[in-house]
Amino acid sequence: MRQTSTVRVLSLALLAVATVAATGCHRGARGDYALAPEVRPLEVPPDLNVPNTAGATAIPALASAAKPAAGAQAAPAASQSGFTIAGSREDVFAKVGDALATIEGVNIASRAQLLGSYDVGYEGSNFLVRVVAVDSGVYVSAVDPRGLPATDAAAVKLVSALKAKLAG
């Protein structure tokens, strides 16, 4: 009887050791899995962190593109929504503000000297009047809310009036 109870005890001990070894309870959690679930880093699947560019069209570089000097931009092509004037950006920005204040119907909503822009309303249209330093002086232009040159009648009319006031 003594032998059977010893065998039973040894069998139970061996079964307990095998269970603990099989479940991995003897090691504990390692690395990020040891952290609380809300603290663990987010894992993004490899195919979701980079956009698929397999069908993308490559845009060729222009051979004639010249690099503008540091701190200045190349002058944009001549258009109805902008013009270039000689002077420093700060001086022209102040002159544009004075000229806008004298034009009938212009409502200046805000001005941002660091950005070189006036947010204006004129004849029912809202757009920006931007003042940007370029190689040949300062470019004054009207820009629509999308960031494109404003080509509506009110913007073209205001740019023409500004050009006349600043040139004279």
# chains A, B, ... in the order shown; residues from 1 in each chain; ligands from 1
>>> residues_around(residues="segment 136-152 of chain A", least_positions_apart="2", cutoff="7 Å", atoms="only C-alpha atoms", output="CSV table (one decimal) with C-alpha atoms, in the first residue's frame")
chain,number,residue,atom,x,y,z
A,75,ALA,CA,8.8,85.0,-60.2
A,81,SER,CA,-4.2,87.8,-60.8
A,82,GLY,CA,-0.8,89.2,-59.9
A,83,PHE,CA,2.1,91.5,-60.7
A,84,THR,CA,5.7,92.1,-59.7
A,85,ILE,CA,6.9,95.4,-58.0
A,86,ALA,CA,10.3,96.5,-56.9
A,87,GLY,CA,11.1,96.9,-53.2
A,88,SER,CA,11.4,94.8,-50.0
A,89,ARG,CA,8.6,92.5,-48.9
A,127,PHE,CA,-9.8,85.7,-51.4
A,128,LEU,CA,-6.2,86.4,-50.2
A,129,VAL,CA,-4.0,89.1,-51.4
A,130,ARG,CA,-0.5,87.7,-51.0
A,131,VAL,CA,2.8,89.5,-51.0
A,132,VAL,CA,5.8,87.2,-51.7
A,133,ALA,CA,9.5,88.0,-52.2
A,134,VAL,CA,10.8,86.8,-55.6
A,154,ALA,CA,-13.6,90.7,-58.5
A,155,ALA,CA,-10.1,89.4,-57.8
A,156,VAL,CA,-8.8,90.6,-61.3
A,159,VAL,CA,-5.4,93.3,-58.5
>>> residues_around(residues="Ile103 of chain A", least_positions_apart="2", cutoff="9 Å", atoms="only C-alpha atoms", output="mmCIF file with C-alpha atoms, in the first residue's frame")
data_model
loop_
_atom_site.group_PDB
_atom_site.id
_atom_site.type_symbol
_atom_site.label_atom_id
_atom_site.label_comp_id
_atom_site.auth_asym_id
_atom_site.auth_seq_id
_atom_site.Cartn_x
_atom_site.Cartn_y
_atom_site.Cartn_z
ATOM 1 C CA ALA A 99 -3.790 100.808 -50.922
ATOM 2 C CA LEU A 100 -6.429 98.232 -49.938
ATOM 3 C CA ALA A 101 -7.751 100.622 -47.303
ATOM 4 C CA GLY A 105 -15.699 98.210 -51.260
ATOM 5 C CA VAL A 106 -12.680 96.310 -49.921
ATOM 6 C CA LEU A 158 -8.840 94.393 -57.314
ATOM 7 C CA ALA A 161 -6.614 98.592 -58.920
ATOM 8 C CA LEU A 162 -3.710 97.644 -56.615
#
>>> atom_distance(atom1="atom CA of Ala153 of chain A", atom2="atom CA of Lys95 of chain A")
22.9 Å
>>> residues_around(residues="Ala112 of chain A", least_positions_apart="3", cutoff="12 Å", atoms="only C-alpha atoms", output="PyMOL selection string")
chain A and resi 90+93-94+97+108-109+115-120+128-131
>>> residues_around(residues="Gly121 of chain A", least_positions_apart="3", cutoff="6 Å", atoms="only C-alpha atoms", output="list in words")
Val106, Asn107, Ser125 and Asn126 of chain A
